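> Once you've had a glance at the structure underneath, I'll fire off some questions.
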Number of protein chains: 2
Amino acid sequence: MTIQRITIIGTGLIGASAGLALRAAQFPGEIVGWDRHPEQAQLALERGAVDTIAGDAITTAVTSDLVLLSGPVFAIQDWLEKLAPQLKPHQLVTDVGSVKVAVTERAQPLFGGPGQAGFLPGHPMAGKEVSGATHADAQLFAHAVWLFTEFAGHPLAPEWRSWVERFGCRTMEIQAARHDEICAWVSHLPQFLSTALSAMLEDRFGDAPDLRAIGGRALREMTRLGASPYSMWRDIAHANEAAIAEALMAMEQQLAHTRENLKTPELRDEFERANRFRANPPVDKSFT
Amino acid sequence: MTIQRITIIGTGLIGASAGLALRAAQFPGEIVGWDRHPEQAQLALERGAVDTIAGDAITTAVTSDLVLLSGPVFAIQDWLEKLAPQLKPHQLVTDVGSVKVAVTERAQPLFGGPGQAGFLPGHPMAGKEVSGATHADAQLFAHAVWLFTEFAGHPLAPEWRSWVERFGCRTMEIQAARHDEICAWVSHLPQFLSTALSAMLEDRFGDAPDLRAIGGRALREMTRLGASPYSMWRDIAHANEAAIAEALMAMEQQLAHTRENLKTPELRDEFERANRFRANPPVDKSFT
């Protein structure tokens, strides 16, 4: 084992969950945490997600084998810029960013070349609608898929993947462009749908107690992601705008089609296609 | 106690769950079941949701104190027509239909007048994306709201309400028109959104294994209702078309607004309104 010291930059929900998952998988090395909000680093420490808090992220990163960047996409890009000149070829940086083209393009000139540290773009398909180390959970990644995008190859990359698999994840290789396209439909679109539904209901019924009283499981589920923070999704909306806009436009058209066919047999076809989508056995066993 | 014999017409998911909930609440009387699919009545019997299966629904109904109509809206309307001439004023019919104007309008000339049986329009805000007595559950209604619409008043109505409360429900009074309006937004819209999303993904990615492999909790939740059967929703789409079309149109506009503002500060406002919708303490404690 050569990963003996890990620095987690960004000890919010995902970063602190990774620390807890490493501990649950009996990672024997040291985990150092840093967060731009000191109280998040403190919480991660108290939760046992990190062993120590770094006073300065770069100083700690240069003495670590692996640096995990966890946070909004643009923050990850900034850290790639800041870390690249300081790190050595034996060190590996990996990330958990929700958009991969923007991250890998930024990393391209900075990592993986002669004399440069390594980079392994990653993205766990797991999360919550609430943020912060308070909600971190060693089991957050269990049964999820942790995506990796081929970059330049690095000796530590297989070891980090094997840790991720010990979190209970299935790992999967995906090209950056395909990642961003698929995620626009299966992750970003569901988020923006839920936010739009929640915002619309707040506008129309914010002060109607009977609406809140009546809503059942369907409403709760379909608006759960409405609690997600703008701070995380702003960067995703920017960095994957074209694909998200395409998915939203397709959804608008689909809803118009539904609306125009509420009383026609076409509605039956739509339900049957929807039933088929849910009935097909998915690869991920947790998809039930 | 004067409700001693109950006939459940339609022993699918909701009807059989009501039978199981009555038993769990220690209803001491007799429960007779009938379903147009004999295997559903048989399943309800095997599950203990009913004591006996009626050979003929009307014959059994005329000797019951209360008749519970459970099924699609148009089937409920048909049963109102068939039962009204056979029942006496001491008997009460109640239903679980998802649309209330269509049901109460049909019942108006048939129930609650001199010499006519009573009618109590009802609607439990609970369900599943799967149908049938196999999925019936005594706890299905726990923490849900069971809506009632004022009709003509009947001596047995308070007793039925008190049984419903013993299922773990909160009961609430709502006018038929307000019911249909609110349900269009909090129940019907979430269903058609989930169906539309599922159908669209089936069309675009039906044969793409990576889409299914990658989807996480957000996708699972937002498409869960995609498994709902057309047979139930066809009647709702017909009977509440105007309100559902209005909600769908509003959603299309909201999504277009989101799409046009992926890179503007308006996106922050939308997330904040959505966050507010989720943060306001709802009346229903299960709304989390």
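We label chains A, B, ... in the order they appear in the structure tokens, count residues from 1 in each chain, and number ligands from 1 in the order shown.
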After superposing chain A onto chain B (least squares, all C-alpha atoms, pairing by order), export the transformed chain as a compact mmCIF listing (two decimals) with C-alpha atoms, in the first residue's frame.

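Done, and the output landed in result-v3.txt:
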```txt
# COMPACT_ATOMS: atom_id res chain seq x y z
CA MET A 1 -71.37 0.82 17.03
CA THR A 2 -73.72 0.46 14.12
CA ILE A 3 -71.35 -0.40 11.26
CA GLN A 4 -71.34 -4.16 11.58
CA ARG A 5 -71.03 -5.30 8.01
CA ILE A 6 -68.86 -3.66 5.36
CA THR A 7 -68.72 -4.52 1.69
CA ILE A 8 -65.56 -3.48 -0.14
CA ILE A 9 -66.17 -3.23 -3.88
CA GLY A 10 -62.76 -3.29 -5.51
CA THR A 11 -60.25 -5.24 -3.43
CA GLY A 12 -57.09 -4.01 -5.14
CA LEU A 13 -54.31 -2.06 -3.43
CA ILE A 14 -56.48 0.54 -1.67
CA GLY A 15 -59.56 -1.59 -0.99
CA ALA A 16 -57.58 -4.51 0.43
CA SER A 17 -55.40 -2.10 2.44
CA ALA A 18 -58.58 -0.64 3.96
CA GLY A 19 -59.67 -4.17 4.91
CA LEU A 20 -56.31 -4.89 6.52
CA ALA A 21 -56.37 -1.52 8.30
CA LEU A 22 -59.87 -2.25 9.64
CA ARG A 23 -58.62 -5.57 10.99
CA ALA A 24 -55.51 -3.96 12.49
CA ALA A 25 -57.83 -1.39 14.17
CA GLN A 26 -59.83 -4.34 15.55
CA PHE A 27 -63.00 -3.75 13.60
CA PRO A 28 -65.20 -6.49 15.10
CA GLY A 29 -67.73 -6.80 12.27
CA GLU A 30 -67.78 -8.64 8.97
CA ILE A 31 -65.90 -7.53 5.85
CA VAL A 32 -67.08 -8.84 2.50
CA GLY A 33 -65.06 -8.26 -0.64
CA TRP A 34 -65.83 -8.20 -4.34
CA ASP A 35 -63.61 -7.43 -7.30
CA ARG A 36 -64.25 -7.60 -11.02
CA HIS A 37 -61.03 -9.61 -11.18
CA PRO A 38 -61.85 -12.72 -9.08
CA GLU A 39 -58.15 -13.32 -8.38
CA GLN A 40 -57.92 -9.94 -6.64
CA ALA A 41 -60.81 -10.89 -4.35
CA GLN A 42 -59.13 -14.25 -3.71
CA LEU A 43 -55.84 -12.54 -2.87
CA ALA A 44 -57.62 -10.14 -0.52
CA LEU A 45 -59.22 -13.13 1.20
CA GLU A 46 -55.89 -14.93 1.51
CA ARG A 47 -54.27 -11.79 2.92
CA GLY A 48 -57.01 -11.52 5.55
CA ALA A 49 -58.30 -8.22 4.16
CA VAL A 50 -61.83 -9.62 3.78
CA ASP A 51 -63.68 -12.43 5.58
CA THR A 52 -65.62 -13.67 2.59
CA ILE A 53 -65.89 -13.09 -1.12
CA ALA A 54 -69.23 -11.89 -2.43
CA GLY A 55 -70.63 -13.85 -5.33
CA ASP A 56 -72.67 -10.83 -6.35
CA ALA A 57 -71.67 -7.34 -5.22
CA ILE A 58 -75.16 -5.85 -5.15
CA THR A 59 -76.72 -8.71 -3.20
CA THR A 60 -74.04 -8.29 -0.55
CA ALA A 61 -74.17 -4.51 -0.59
CA VAL A 62 -77.88 -4.43 0.20
CA THR A 63 -77.24 -6.37 3.42
CA SER A 64 -74.27 -4.21 4.49
CA ASP A 65 -74.20 -1.11 6.66
CA LEU A 66 -71.38 0.48 4.73
CA VAL A 67 -70.18 0.03 1.15
CA LEU A 68 -66.63 1.15 0.33
CA LEU A 69 -66.08 1.83 -3.37
CA SER A 70 -62.44 1.48 -4.31
CA GLY A 71 -61.16 1.68 -7.86
CA PRO A 72 -60.79 4.03 -10.81
CA VAL A 73 -63.05 7.10 -10.82
CA PHE A 74 -65.33 5.95 -13.63
CA ALA A 75 -65.83 2.56 -11.98
CA ILE A 76 -66.88 4.38 -8.80
CA GLN A 77 -69.38 6.42 -10.80
CA ASP A 78 -70.81 3.24 -12.32
CA TRP A 79 -71.23 1.64 -8.90
CA LEU A 80 -73.00 4.72 -7.58
CA GLU A 81 -75.53 4.33 -10.39
CA LYS A 82 -75.95 0.60 -9.84
CA LEU A 83 -76.20 0.72 -6.06
CA ALA A 84 -78.44 3.76 -5.56
CA PRO A 85 -81.73 2.09 -6.52
CA GLN A 86 -80.99 -0.91 -4.31
CA LEU A 87 -79.91 0.73 -1.06
CA LYS A 88 -81.94 2.14 1.83
CA PRO A 89 -81.53 5.37 3.84
CA HIS A 90 -79.84 3.66 6.79
CA GLN A 91 -76.97 2.54 4.55
CA LEU A 92 -73.87 4.57 3.74
CA VAL A 93 -71.69 4.44 0.63
CA THR A 94 -68.22 5.95 0.75
CA ASP A 95 -65.42 5.98 -1.81
CA VAL A 96 -61.69 6.54 -2.22
CA GLY A 97 -61.75 8.20 -5.65
CA SER A 98 -58.91 10.56 -6.62
CA VAL A 99 -61.25 13.12 -8.20
CA LYS A 100 -64.19 14.51 -6.26
CA VAL A 101 -66.24 16.85 -8.47
CA ALA A 102 -66.98 14.09 -10.98
CA VAL A 103 -67.94 11.68 -8.20
CA THR A 104 -70.07 14.05 -6.15
CA GLU A 105 -71.90 15.37 -9.23
CA ARG A 106 -72.79 11.83 -10.20
CA ALA A 107 -73.93 11.05 -6.64
CA GLN A 108 -75.97 14.25 -6.23
CA PRO A 109 -79.33 13.05 -7.59
CA LEU A 110 -78.86 9.51 -6.29
CA PHE A 111 -77.85 9.78 -2.64
CA GLY A 112 -78.64 11.78 0.45
CA GLY A 113 -82.21 12.70 -0.44
CA PRO A 114 -85.45 11.41 1.04
CA GLY A 115 -85.62 7.63 0.79
CA GLN A 116 -82.06 7.49 -0.55
CA ALA A 117 -78.94 5.94 1.00
CA GLY A 118 -76.18 8.19 2.26
CA PHE A 119 -72.92 9.02 0.52
CA LEU A 120 -69.67 10.25 2.02
CA PRO A 121 -67.06 11.21 -0.60
CA GLY A 122 -63.58 10.32 0.63
CA HIS A 123 -59.99 10.25 -0.63
CA PRO A 124 -57.01 8.86 1.25
CA MET A 125 -53.81 10.66 0.13
CA ALA A 126 -51.86 7.42 0.09
CA GLY A 127 -50.94 4.89 -2.52
CA LYS A 128 -48.17 3.03 -4.22
CA GLU A 129 -46.85 2.87 -7.74
CA VAL A 130 -47.86 -0.80 -7.83
CA SER A 131 -51.42 -2.06 -7.80
CA GLY A 132 -53.27 -5.10 -6.55
CA ALA A 133 -54.12 -6.83 -3.29
CA THR A 134 -50.64 -8.38 -3.25
CA HIS A 135 -49.23 -5.00 -2.27
CA ALA A 136 -51.96 -4.16 0.25
CA ASP A 137 -50.69 -2.96 3.60
CA ALA A 138 -52.48 -2.21 6.86
CA GLN A 139 -50.00 0.65 7.37
CA LEU A 140 -50.57 2.26 3.96
CA PHE A 141 -52.67 5.05 5.44
CA ALA A 142 -50.55 5.71 8.53
CA HIS A 143 -49.53 9.40 8.73
CA ALA A 144 -51.54 10.17 5.61
CA VAL A 145 -54.48 12.54 5.26
CA TRP A 146 -57.88 11.05 4.46
CA LEU A 147 -59.93 13.79 2.85
CA PHE A 148 -63.71 13.97 3.14
CA THR A 149 -66.08 16.15 1.16
CA GLU A 150 -69.29 17.34 2.77
CA PHE A 151 -72.24 15.76 1.04
CA ALA A 152 -75.60 15.37 2.77
CA GLY A 153 -74.70 14.11 6.21
CA HIS A 154 -75.48 10.60 7.42
CA PRO A 155 -75.64 8.95 10.85
CA LEU A 156 -72.87 6.47 9.94
CA ALA A 157 -70.46 9.08 8.58
CA PRO A 158 -68.86 9.99 11.96
CA GLU A 159 -68.35 6.31 12.71
CA TRP A 160 -66.56 5.66 9.41
CA ARG A 161 -64.37 8.72 10.02
CA SER A 162 -63.43 7.40 13.42
CA TRP A 163 -62.37 4.08 11.86
CA VAL A 164 -60.27 5.97 9.33
CA GLU A 165 -58.61 7.86 12.18
CA ARG A 166 -57.79 4.54 13.78
CA PHE A 167 -55.90 3.65 10.58
CA GLY A 168 -53.43 6.36 11.67
CA CYS A 169 -54.90 9.00 9.35
CA ARG A 170 -55.57 12.63 9.91
CA THR A 171 -59.00 13.45 8.46
CA MET A 172 -59.70 16.76 6.80
CA GLU A 173 -62.75 18.38 5.27
CA ILE A 174 -62.41 19.84 1.78
CA GLN A 175 -64.84 21.07 -0.86
CA ALA A 176 -64.94 19.00 -4.04
CA ALA A 177 -63.71 21.78 -6.33
CA ARG A 178 -60.86 22.77 -4.00
CA HIS A 179 -59.95 19.10 -3.66
CA ASP A 180 -59.63 18.67 -7.40
CA GLU A 181 -57.63 21.87 -7.77
CA ILE A 182 -55.15 21.05 -4.96
CA CYS A 183 -54.81 17.42 -6.02
CA ALA A 184 -53.99 18.51 -9.56
CA TRP A 185 -50.88 20.20 -8.16
CA VAL A 186 -49.77 17.94 -5.31
CA SER A 187 -50.77 14.53 -6.60
CA HIS A 188 -51.69 14.46 -10.28
CA LEU A 189 -48.88 16.76 -11.48
CA PRO A 190 -46.16 14.74 -9.65
CA GLN A 191 -47.57 11.58 -11.26
CA PHE A 192 -47.63 12.97 -14.79
CA LEU A 193 -44.17 14.51 -14.31
CA SER A 194 -42.74 11.17 -13.25
CA THR A 195 -44.47 9.33 -16.08
CA ALA A 196 -43.26 11.91 -18.61
CA LEU A 197 -39.68 11.73 -17.31
CA SER A 198 -39.69 7.92 -17.36
CA ALA A 199 -41.21 7.73 -20.84
CA MET A 200 -38.75 10.28 -22.20
CA LEU A 201 -35.78 8.40 -20.76
CA GLU A 202 -37.14 5.13 -22.15
CA ASP A 203 -37.43 6.75 -25.61
CA ARG A 204 -33.95 8.25 -25.54
CA PHE A 205 -31.94 5.74 -23.55
CA GLY A 206 -34.01 2.55 -23.48
CA ASP A 207 -31.10 0.54 -24.86
CA ALA A 208 -28.22 2.40 -23.19
CA PRO A 209 -26.94 0.27 -20.33
CA ASP A 210 -24.73 3.04 -18.96
CA LEU A 211 -27.75 5.25 -18.24
CA ARG A 212 -29.38 2.64 -16.04
CA ALA A 213 -26.08 1.77 -14.44
CA ILE A 214 -25.34 5.36 -13.49
CA GLY A 215 -28.68 6.56 -12.19
CA GLY A 216 -28.65 7.15 -8.45
CA ARG A 217 -31.26 7.90 -5.83
CA ALA A 218 -32.44 11.08 -7.57
CA LEU A 219 -33.35 9.14 -10.71
CA ARG A 220 -34.94 6.29 -8.79
CA GLU A 221 -37.14 8.62 -6.79
CA MET A 222 -38.13 10.90 -9.62
CA THR A 223 -39.15 7.94 -11.82
CA ARG A 224 -40.72 5.69 -9.13
CA LEU A 225 -44.23 6.75 -10.08
CA GLY A 226 -43.40 5.91 -13.69
CA ALA A 227 -44.46 2.38 -12.76
CA SER A 228 -48.02 3.53 -11.99
CA PRO A 229 -50.73 1.86 -14.10
CA TYR A 230 -52.55 3.67 -16.87
CA SER A 231 -55.76 1.91 -15.83
CA MET A 232 -55.95 4.07 -12.69
CA TRP A 233 -54.70 7.33 -14.19
CA ARG A 234 -56.77 7.34 -17.35
CA ASP A 235 -59.90 8.17 -15.35
CA ILE A 236 -58.11 10.85 -13.33
CA ALA A 237 -56.74 12.46 -16.51
CA HIS A 238 -60.26 12.53 -17.95
CA ALA A 239 -62.12 13.58 -14.83
CA ASN A 240 -59.73 16.36 -13.79
CA GLU A 241 -58.37 17.34 -17.19
CA ALA A 242 -58.67 21.13 -16.96
CA ALA A 243 -56.86 21.44 -13.64
CA ILE A 244 -54.15 18.96 -14.64
CA ALA A 245 -53.60 20.72 -17.97
CA GLU A 246 -53.19 24.03 -16.11
CA ALA A 247 -50.62 22.51 -13.75
CA LEU A 248 -48.70 20.92 -16.63
CA MET A 249 -48.69 24.20 -18.56
CA ALA A 250 -47.37 26.03 -15.50
CA MET A 251 -44.66 23.41 -15.15
CA GLU A 252 -43.65 23.79 -18.81
CA GLN A 253 -43.32 27.53 -18.28
CA GLN A 254 -41.34 27.05 -15.08
CA LEU A 255 -38.92 24.69 -16.84
CA ALA A 256 -38.49 27.12 -19.74
CA HIS A 257 -37.71 29.82 -17.19
CA THR A 258 -35.14 27.57 -15.51
CA ARG A 259 -33.60 26.71 -18.87
CA GLU A 260 -33.27 30.36 -19.87
CA ASN A 261 -31.66 31.24 -16.54
CA LEU A 262 -29.12 28.47 -16.02
CA LYS A 263 -26.39 31.11 -15.98
CA THR A 264 -28.22 34.07 -14.42
CA PRO A 265 -28.84 35.10 -10.80
CA GLU A 266 -32.51 34.19 -11.33
CA LEU A 267 -31.44 30.57 -10.78
CA ARG A 268 -30.44 31.50 -7.25
CA ASP A 269 -33.91 32.94 -6.62
CA GLU A 270 -35.49 29.75 -7.92
CA PHE A 271 -33.37 27.58 -5.62
CA GLU A 272 -34.21 29.85 -2.70
CA ARG A 273 -37.95 29.59 -3.34
CA ALA A 274 -37.59 25.81 -3.67
CA ASN A 275 -35.59 25.67 -0.43
CA ARG A 276 -38.33 27.70 1.26
CA PHE A 277 -41.01 25.29 0.08
CA ARG A 278 -39.13 22.42 1.69
CA ALA A 279 -38.12 24.33 4.81
CA ASN A 280 -41.56 25.55 5.88
CA PRO A 281 -42.85 23.29 8.57
CA PRO A 282 -45.70 21.35 7.05
CA VAL A 283 -48.82 20.41 8.95
CA ASP A 284 -48.23 16.77 8.18
CA LYS A 285 -45.32 15.64 10.33
CA SER A 286 -44.47 12.92 7.84
CA PHE A 287 -43.66 15.59 5.25
CA THR A 288 -39.88 15.48 5.72
```
> Please, which residues of range 167-211 of chain A, numbered as in this document, come out alpha helix (DSSP H) from DSSP, as a PyMOL selection string?
chain A and resi 176-183+189-205+209-211
> Could you give me the residues within range 46-217 of chain B that DSSP places in strand (DSSP E), as a list in words?
Thr52, Ile53, Leu66, Val67, Leu68, Leu69, Leu92, Val93, Thr94, Asp95, Gly118, Phe119, Leu120, Gly122, His123, Pro124, Val145, Trp146, Leu147, Phe148, Arg170, Thr171, Met172 and Glu173 of chain B
